[in-house]
Amino acid sequence: MNGGILKICYDLETGYHEYVKTELSFRNKLSKDAIAHDFTTVSTQKRGNLIRIKVSLDLNKIDLKSLYWDINVLLYNPDNSKTNQISIAMDTKHRMFLKFLYNGSYRTDNGFFFYPYYTGNKMLAFVYRKEEKYDGLDIVFKEFLSIFLYRIGKSYWNKKHICLVSEKFASMAQDNGYYFFKHCMDENEEAYLNKKIYYIIAKDSPDHYKVDPYKKNVINFMSIRHMIYTQAADLIVSSDSRYHTYAMQCRHSIFNRYLRRKKFVFLQHGVIALKKVDNFYGKGMRGGCDLFVVSTNAEKQTIIDYFGYEPDEVINTGLPRWDVLKDHSQGTREIMIMPTWRNWLDSVPDKDFEESEYFKHYMGLLNSSRFSQILEKYDLQVNFYLHAKFQEYSENFNAVNKRIHLISFGEVAVNEMLMRCRMLITDYSSVSWDILYQDKPVLFYQFDLDKYNEAHGSYLDMHTELFGDRAETESQLLDRLEECIQNDFKMKPEYEAKRNEYLQFKDNQHSRHICEEIKKRFC
């Protein structure tokens with residue numbers, strides 16, 4: 001990849017097909033974003049029953065987008081006059097070289113870099129993303145040291161029956177992972193489960209103070225101790241995929257192989273309904289689990305029907321964070337706005353994010369003169385909080401009205417804001433269920449529903465099965481907002497009926513129910 005010139009050499013088996021070209025193709029669910037760049041074929045040389053093909057592409061001349069790029073080899077079949085495409089497979093030798101020795105990449109001025117990796121089915125692909133602190137080859141040395149230390153004391157570590165608990169990117173303590181861990185510490189569930197339970201969190205996390213009372217059971221993220229305990233653990237409990245217990249964006253790490261082998265209880269961080277995620281969290285998929293926590297009977301049926309789990313692998317207990325969820329909105333005049341993320345905007349440069357429909361609509365709302373007039377008229381405050389995956393763009397937003405507060409990740413616990421607010425404005429976020437649990441109204445602002453359905457999809461019909469009013473334009477949203485305010489933030493009767501239909505557990509013992517289910521299966 002020297003000087004931004006990407007060169008690839010591969011062998012193609014000869015046959016009835018004819019080589020056409022090699023292309024670099026952007027992997028994206030939105031058809032309008034489909035992009036492919038043709039390599040220049042430098043040479044094709046016959047070697048027995050193989051053709052050695054060399055191609056090159058000047059990366060300086062193409063527009064790279066985040067996140068994944070595939071290599072496609074196009075072949076023409078003269079028998080049926082069709083052109084097919086195949087990927088380039090990597091054998092063990094090349095995969096090990098790529099993982100441990102090769103550090104080549106193409107870097108751009110915005111702090112992003114483009115480098116090769118191999119997919120789950122061992123095919124060559126590339127990723128273009130922001131460079132992170134765990135991307136260096138030094139991580140290889142640290143991991144091998146931890147493997148050596150673990151194997152020296154393997155019998156000791158294994159006797160501890162370690163259970164690791166974490167949340168998104170192991171960077172916070174404010175979601176289901178934290179409340180499950182806190183319950184286990186406060187109620188001595190270690191004795192009940194016969195396990196040593198540890199919480200993984202970054203040393204510099206603004207939430208670290210929450211777990212300080214349990215410091216003997218807290219592990220600093222990406223420390224040697226963390227790496228040893230990852231190998232020793234026999235159970236992982238997390239509100240996100242098991243891979244969030246380690247550095248997900250870590251170019252040279254080999255620890256995914258250890259995480260894959262662990263028993264995994266998926267707490268979730270919401271209720272699965274408004275976003276299709278079975279292609280990741282389905283049984284046997286990368287985000288699959290051994291025990292799937294859900295919160296409604298309808299959600300359990302969704303997991304069985306779409307995700308491929310057996311009924312006894314799905315438990316309806318409700319979410320751990322609901323243990324402490326209480327309505328604290330009396331006397332307050334707060335509205336919360338919390339949009340979710342879009343996979344087509346994952347890790348894109350600032351310029352691309354600011355040109356997106358997502359950014360323009362929310363900036364338009366935050367700086368709407370009519371919205372400001374409503375806030376003044378009814379004496380309201382607004383907390384605007386981006387999804388964790390979009391926190392890197394939080395500084396791109398601004399609002400002139402001092403009644404609108406842009407909350408950065410970790411600045412205030414989401415749970416606290418959800419309990420204080422009188423209502424929620426969101427698009428497709430699962431935190432809407434936390435608001436429903438508290439018997440508060442939700443407004444769904446869905447200006448990009450067609451695009452969202454193309455990229456994500458939903459298990460609910462957004463037009464008929466939501467438990468709150470929906471709007472597709474700013475004008476509709478503000479009309480329905482004012483109507484809700486004038487109704488003193490009361491839920492409409494039809495949405496109250498849906499609340500009673502959807503929610504079964506309201507006993508604030510959700511973590512305890514999960515421990516009971518873990519005991520049955522893993523202890």
# chains A, B, ... in the order shown; residues from 1 in each chain; ligands from 1
>>> select_by_dssp(residues="segment 290-465 of chain A", states="strand (DSSP E or B)", output="PyMOL selection string")
chain A and resi 291-294+314-316+334-337+381-385+404-407+423-426+442-445
>>> write_last_selection(atoms="N, CA and C atoms", output="PDB file, in the first residue's frame")
ATOM      1  N   LEU A 291     -28.104 -17.161  26.167  1.00  0.00           N
ATOM      2  CA  LEU A 291     -29.336 -16.842  26.892  1.00  0.00           C
ATOM      3  C   LEU A 291     -29.736 -15.418  26.538  1.00  0.00           C
ATOM      4  N   PHE A 292     -30.934 -15.258  26.015  1.00  0.00           N
ATOM      5  CA  PHE A 292     -31.404 -13.986  25.455  1.00  0.00           C
ATOM      6  C   PHE A 292     -32.454 -13.393  26.392  1.00  0.00           C
ATOM      7  N   VAL A 293     -32.169 -12.234  26.976  1.00  0.00           N
ATOM      8  CA  VAL A 293     -33.094 -11.570  27.900  1.00  0.00           C
ATOM      9  C   VAL A 293     -34.058 -10.687  27.118  1.00  0.00           C
ATOM     10  N   VAL A 294     -35.360 -10.843  27.376  1.00  0.00           N
ATOM     11  CA  VAL A 294     -36.368  -9.998  26.736  1.00  0.00           C
ATOM     12  C   VAL A 294     -37.306  -9.432  27.791  1.00  0.00           C
ATOM     13  N   VAL A 314     -34.665 -18.154  25.593  1.00  0.00           N
ATOM     14  CA  VAL A 314     -35.145 -16.767  25.675  1.00  0.00           C
ATOM     15  C   VAL A 314     -35.921 -16.608  26.975  1.00  0.00           C
ATOM     16  N   ILE A 315     -35.529 -15.639  27.794  1.00  0.00           N
ATOM     17  CA  ILE A 315     -36.179 -15.458  29.102  1.00  0.00           C
ATOM     18  C   ILE A 315     -36.822 -14.075  29.179  1.00  0.00           C
ATOM     19  N   ASN A 316     -38.087 -14.040  29.554  1.00  0.00           N
ATOM     20  CA  ASN A 316     -38.811 -12.778  29.709  1.00  0.00           C
ATOM     21  C   ASN A 316     -38.734 -12.346  31.165  1.00  0.00           C
ATOM     22  N   GLU A 334     -39.137  19.075  31.863  1.00  0.00           N
ATOM     23  CA  GLU A 334     -38.090  18.632  30.941  1.00  0.00           C
ATOM     24  C   GLU A 334     -38.655  17.712  29.857  1.00  0.00           C
ATOM     25  N   ILE A 335     -38.178  17.926  28.648  1.00  0.00           N
ATOM     26  CA  ILE A 335     -38.439  17.028  27.523  1.00  0.00           C
ATOM     27  C   ILE A 335     -37.097  16.432  27.111  1.00  0.00           C
ATOM     28  N   MET A 336     -37.093  15.157  26.796  1.00  0.00           N
ATOM     29  CA  MET A 336     -35.857  14.528  26.328  1.00  0.00           C
ATOM     30  C   MET A 336     -35.975  14.208  24.846  1.00  0.00           C
ATOM     31  N   ILE A 337     -34.929  14.555  24.091  1.00  0.00           N
ATOM     32  CA  ILE A 337     -34.832  14.176  22.681  1.00  0.00           C
ATOM     33  C   ILE A 337     -33.652  13.221  22.560  1.00  0.00           C
ATOM     34  N   GLN A 381     -37.735  22.837  29.404  1.00  0.00           N
ATOM     35  CA  GLN A 381     -36.317  22.628  29.144  1.00  0.00           C
ATOM     36  C   GLN A 381     -36.178  21.365  28.291  1.00  0.00           C
ATOM     37  N   VAL A 382     -35.153  21.324  27.441  1.00  0.00           N
ATOM     38  CA  VAL A 382     -34.936  20.172  26.564  1.00  0.00           C
ATOM     39  C   VAL A 382     -33.535  19.618  26.767  1.00  0.00           C
ATOM     40  N   ASN A 383     -33.425  18.308  26.922  1.00  0.00           N
ATOM     41  CA  ASN A 383     -32.137  17.619  26.939  1.00  0.00           C
ATOM     42  C   ASN A 383     -32.005  16.827  25.642  1.00  0.00           C
ATOM     43  N   PHE A 384     -31.000  17.172  24.847  1.00  0.00           N
ATOM     44  CA  PHE A 384     -30.757  16.489  23.578  1.00  0.00           C
ATOM     45  C   PHE A 384     -29.553  15.574  23.748  1.00  0.00           C
ATOM     46  N   TYR A 385     -29.764  14.273  23.517  1.00  0.00           N
ATOM     47  CA  TYR A 385     -28.712  13.281  23.784  1.00  0.00           C
ATOM     48  C   TYR A 385     -28.598  12.326  22.605  1.00  0.00           C
ATOM     49  N   ILE A 404     -32.361  24.700  25.550  1.00  0.00           N
ATOM     50  CA  ILE A 404     -31.966  23.436  24.926  1.00  0.00           C
ATOM     51  C   ILE A 404     -30.555  23.087  25.372  1.00  0.00           C
ATOM     52  N   HIS A 405     -30.413  21.927  26.011  1.00  0.00           N
ATOM     53  CA  HIS A 405     -29.131  21.493  26.574  1.00  0.00           C
ATOM     54  C   HIS A 405     -28.607  20.297  25.774  1.00  0.00           C
ATOM     55  N   LEU A 406     -27.433  20.454  25.180  1.00  0.00           N
ATOM     56  CA  LEU A 406     -26.798  19.376  24.418  1.00  0.00           C
ATOM     57  C   LEU A 406     -25.949  18.557  25.392  1.00  0.00           C
ATOM     58  N   ILE A 407     -26.380  17.344  25.649  1.00  0.00           N
ATOM     59  CA  ILE A 407     -25.739  16.504  26.673  1.00  0.00           C
ATOM     60  C   ILE A 407     -24.730  15.577  26.012  1.00  0.00           C
ATOM     61  N   MET A 423     -41.672  13.687  28.900  1.00  0.00           N
ATOM     62  CA  MET A 423     -41.977  12.930  27.683  1.00  0.00           C
ATOM     63  C   MET A 423     -40.687  12.759  26.888  1.00  0.00           C
ATOM     64  N   LEU A 424     -40.751  11.898  25.862  1.00  0.00           N
ATOM     65  CA  LEU A 424     -39.589  11.621  25.016  1.00  0.00           C
ATOM     66  C   LEU A 424     -39.933  11.880  23.559  1.00  0.00           C
ATOM     67  N   ILE A 425     -38.989  12.517  22.849  1.00  0.00           N
ATOM     68  CA  ILE A 425     -39.048  12.594  21.390  1.00  0.00           C
ATOM     69  C   ILE A 425     -37.900  11.745  20.860  1.00  0.00           C
ATOM     70  N   THR A 426     -38.218  10.746  20.059  1.00  0.00           N
ATOM     71  CA  THR A 426     -37.194   9.891  19.471  1.00  0.00           C
ATOM     72  C   THR A 426     -37.614   9.536  18.050  1.00  0.00           C
ATOM     73  N   VAL A 442     -44.619   9.224  24.297  1.00  0.00           N
ATOM     74  CA  VAL A 442     -43.503   9.232  23.352  1.00  0.00           C
ATOM     75  C   VAL A 442     -43.991   9.804  22.022  1.00  0.00           C
ATOM     76  N   LEU A 443     -43.163  10.658  21.429  1.00  0.00           N
ATOM     77  CA  LEU A 443     -43.405  11.141  20.068  1.00  0.00           C
ATOM     78  C   LEU A 443     -42.313  10.573  19.166  1.00  0.00           C
ATOM     79  N   PHE A 444     -42.710   9.953  18.063  1.00  0.00           N
ATOM     80  CA  PHE A 444     -41.758   9.340  17.137  1.00  0.00           C
ATOM     81  C   PHE A 444     -41.588  10.255  15.916  1.00  0.00           C
ATOM     82  N   TYR A 445     -40.364  10.791  15.759  1.00  0.00           N
ATOM     83  CA  TYR A 445     -40.043  11.694  14.657  1.00  0.00           C
ATOM     84  C   TYR A 445     -39.334  10.879  13.572  1.00  0.00           C
TER      85      TYR A 445
END
>>> residues_around(residues="Lys160 of chain A", least_positions_apart="3", cutoff="10 Å", atoms="only C-alpha atoms", output="PyMOL selection string")
chain A and resi 155-157+163+194-197+229+232-234
>>> closest_atom_pairs(of="segment 269-345 of chain A", to="segment 412-422 of chain A", cutoff="7 Å", atoms="only C-alpha atoms", output="JSON lines")
{"residue": "A:Leu325", "atom": "CA", "partner": "A:Met419", "partner_atom": "CA", "distance": 6.7}
{"residue": "A:Lys326", "atom": "CA", "partner": "A:Met419", "partner_atom": "CA", "distance": 6.0}
{"residue": "A:Asp327", "atom": "CA", "partner": "A:Met419", "partner_atom": "CA", "distance": 5.0}
{"residue": "A:His328", "atom": "CA", "partner": "A:Arg420", "partner_atom": "CA", "distance": 4.8}
{"residue": "A:Ser329", "atom": "CA", "partner": "A:Arg420", "partner_atom": "CA", "distance": 4.4}
{"residue": "A:Thr332", "atom": "CA", "partner": "A:Arg420", "partner_atom": "CA", "distance": 6.9}
{"residue": "A:Arg333", "atom": "CA", "partner": "A:Arg422", "partner_atom": "CA", "distance": 6.7}
{"residue": "A:Glu334", "atom": "CA", "partner": "A:Cys421", "partner_atom": "CA", "distance": 4.8}
{"residue": "A:Ile335", "atom": "CA", "partner": "A:Cys421", "partner_atom": "CA", "distance": 5.2}
{"residue": "A:Met336", "atom": "CA", "partner": "A:Cys421", "partner_atom": "CA", "distance": 6.0}
>>> write_last_selection(atoms="N, CA and C atoms", output="PDB file, in the first residue's frame")
ATOM      1  N   LEU A 325     -36.033   2.094  37.908  1.00  0.00           N
ATOM      2  CA  LEU A 325     -36.746   3.054  37.076  1.00  0.00           C
ATOM      3  C   LEU A 325     -38.020   3.535  37.771  1.00  0.00           C
ATOM      4  N   LYS A 326     -38.020   4.826  38.119  1.00  0.00           N
ATOM      5  CA  LYS A 326     -39.183   5.435  38.779  1.00  0.00           C
ATOM      6  C   LYS A 326     -39.440   6.793  38.131  1.00  0.00           C
ATOM      7  N   ASP A 327     -40.673   7.198  38.126  1.00  0.00           N
ATOM      8  CA  ASP A 327     -41.042   8.484  37.540  1.00  0.00           C
ATOM      9  C   ASP A 327     -40.677   9.619  38.497  1.00  0.00           C
ATOM     10  N   HIS A 328     -39.670  10.409  38.116  1.00  0.00           N
ATOM     11  CA  HIS A 328     -39.235  11.560  38.919  1.00  0.00           C
ATOM     12  C   HIS A 328     -39.581  12.869  38.214  1.00  0.00           C
ATOM     13  N   SER A 329     -40.595  12.836  37.356  1.00  0.00           N
ATOM     14  CA  SER A 329     -40.877  14.010  36.530  1.00  0.00           C
ATOM     15  C   SER A 329     -41.787  15.036  37.201  1.00  0.00           C
ATOM     16  N   THR A 332     -41.001  18.830  37.416  1.00  0.00           N
ATOM     17  CA  THR A 332     -40.011  19.206  36.398  1.00  0.00           C
ATOM     18  C   THR A 332     -40.737  19.618  35.121  1.00  0.00           C
ATOM     19  N   ARG A 333     -40.007  20.287  34.252  1.00  0.00           N
ATOM     20  CA  ARG A 333     -40.564  20.703  32.955  1.00  0.00           C
ATOM     21  C   ARG A 333     -39.552  20.330  31.865  1.00  0.00           C
ATOM     22  N   GLU A 334     -39.137  19.075  31.863  1.00  0.00           N
ATOM     23  CA  GLU A 334     -38.090  18.632  30.941  1.00  0.00           C
ATOM     24  C   GLU A 334     -38.655  17.712  29.857  1.00  0.00           C
ATOM     25  N   ILE A 335     -38.178  17.926  28.648  1.00  0.00           N
ATOM     26  CA  ILE A 335     -38.439  17.028  27.523  1.00  0.00           C
ATOM     27  C   ILE A 335     -37.097  16.432  27.111  1.00  0.00           C
ATOM     28  N   MET A 336     -37.093  15.157  26.796  1.00  0.00           N
ATOM     29  CA  MET A 336     -35.857  14.528  26.328  1.00  0.00           C
ATOM     30  C   MET A 336     -35.975  14.208  24.846  1.00  0.00           C
TER      31      MET A 336
END
>>> residues_around(residues="segment 113-130 of chain A", least_positions_apart="4", cutoff="8 Å", atoms="only C-alpha atoms", output="short mmCIF file (atom, residue, chain, number, x, y, z; two decimals) with C-alpha atoms, in the first residue's frame")
data_model
loop_
_atom_site.label_atom_id
_atom_site.label_comp_id
_atom_site.auth_asym_id
_atom_site.auth_seq_id
_atom_site.Cartn_x
_atom_site.Cartn_y
_atom_site.Cartn_z
CA LEU A 64 -13.41 6.49 0.47
CA LYS A 65 -16.43 6.01 2.72
CA SER A 66 -16.71 4.38 6.11
CA LEU A 67 -16.76 1.44 6.94
CA TYR A 68 -16.23 -1.80 4.95
CA TRP A 69 -14.96 -2.47 1.42
CA ASP A 70 -14.92 -5.82 -0.38
CA ILE A 71 -12.72 -7.14 -3.18
CA SER A 87 -14.03 -13.05 -3.37
CA ILE A 88 -10.35 -13.65 -2.68
CA ALA A 89 -9.76 -16.34 -0.04
CA MET A 90 -6.82 -16.07 2.36
CA ASP A 91 -5.01 -19.18 3.60
CA ARG A 95 -4.07 -14.50 7.60
CA LEU A 98 -1.90 -9.93 8.11
CA LYS A 99 -2.84 -10.20 11.80
CA GLY A 104 0.61 -1.26 6.19
CA SER A 105 -2.25 1.16 5.63
CA TYR A 106 -3.35 4.23 3.73
CA ARG A 107 -3.92 7.26 5.97
CA THR A 108 -6.02 10.31 5.18
CA SER A 347 -17.83 6.34 11.66
CA VAL A 348 -18.16 8.72 8.71
#
>>> closest_residue(among="A:Glu357, A:Glu23, A:Glu132, A:Asp207", to="Trp344 of chain A", atoms="only C-alpha atoms")
A:Glu357
>>> atom_distance(atom1="atom CA of Ser241 of chain A", atom2="atom CA of Ala191 of chain A")
25.9 Å
>>> atom_distance(atom1="atom CA of Asp450 of chain A", atom2="atom CA of Trp433 of chain A")
22.4 Å
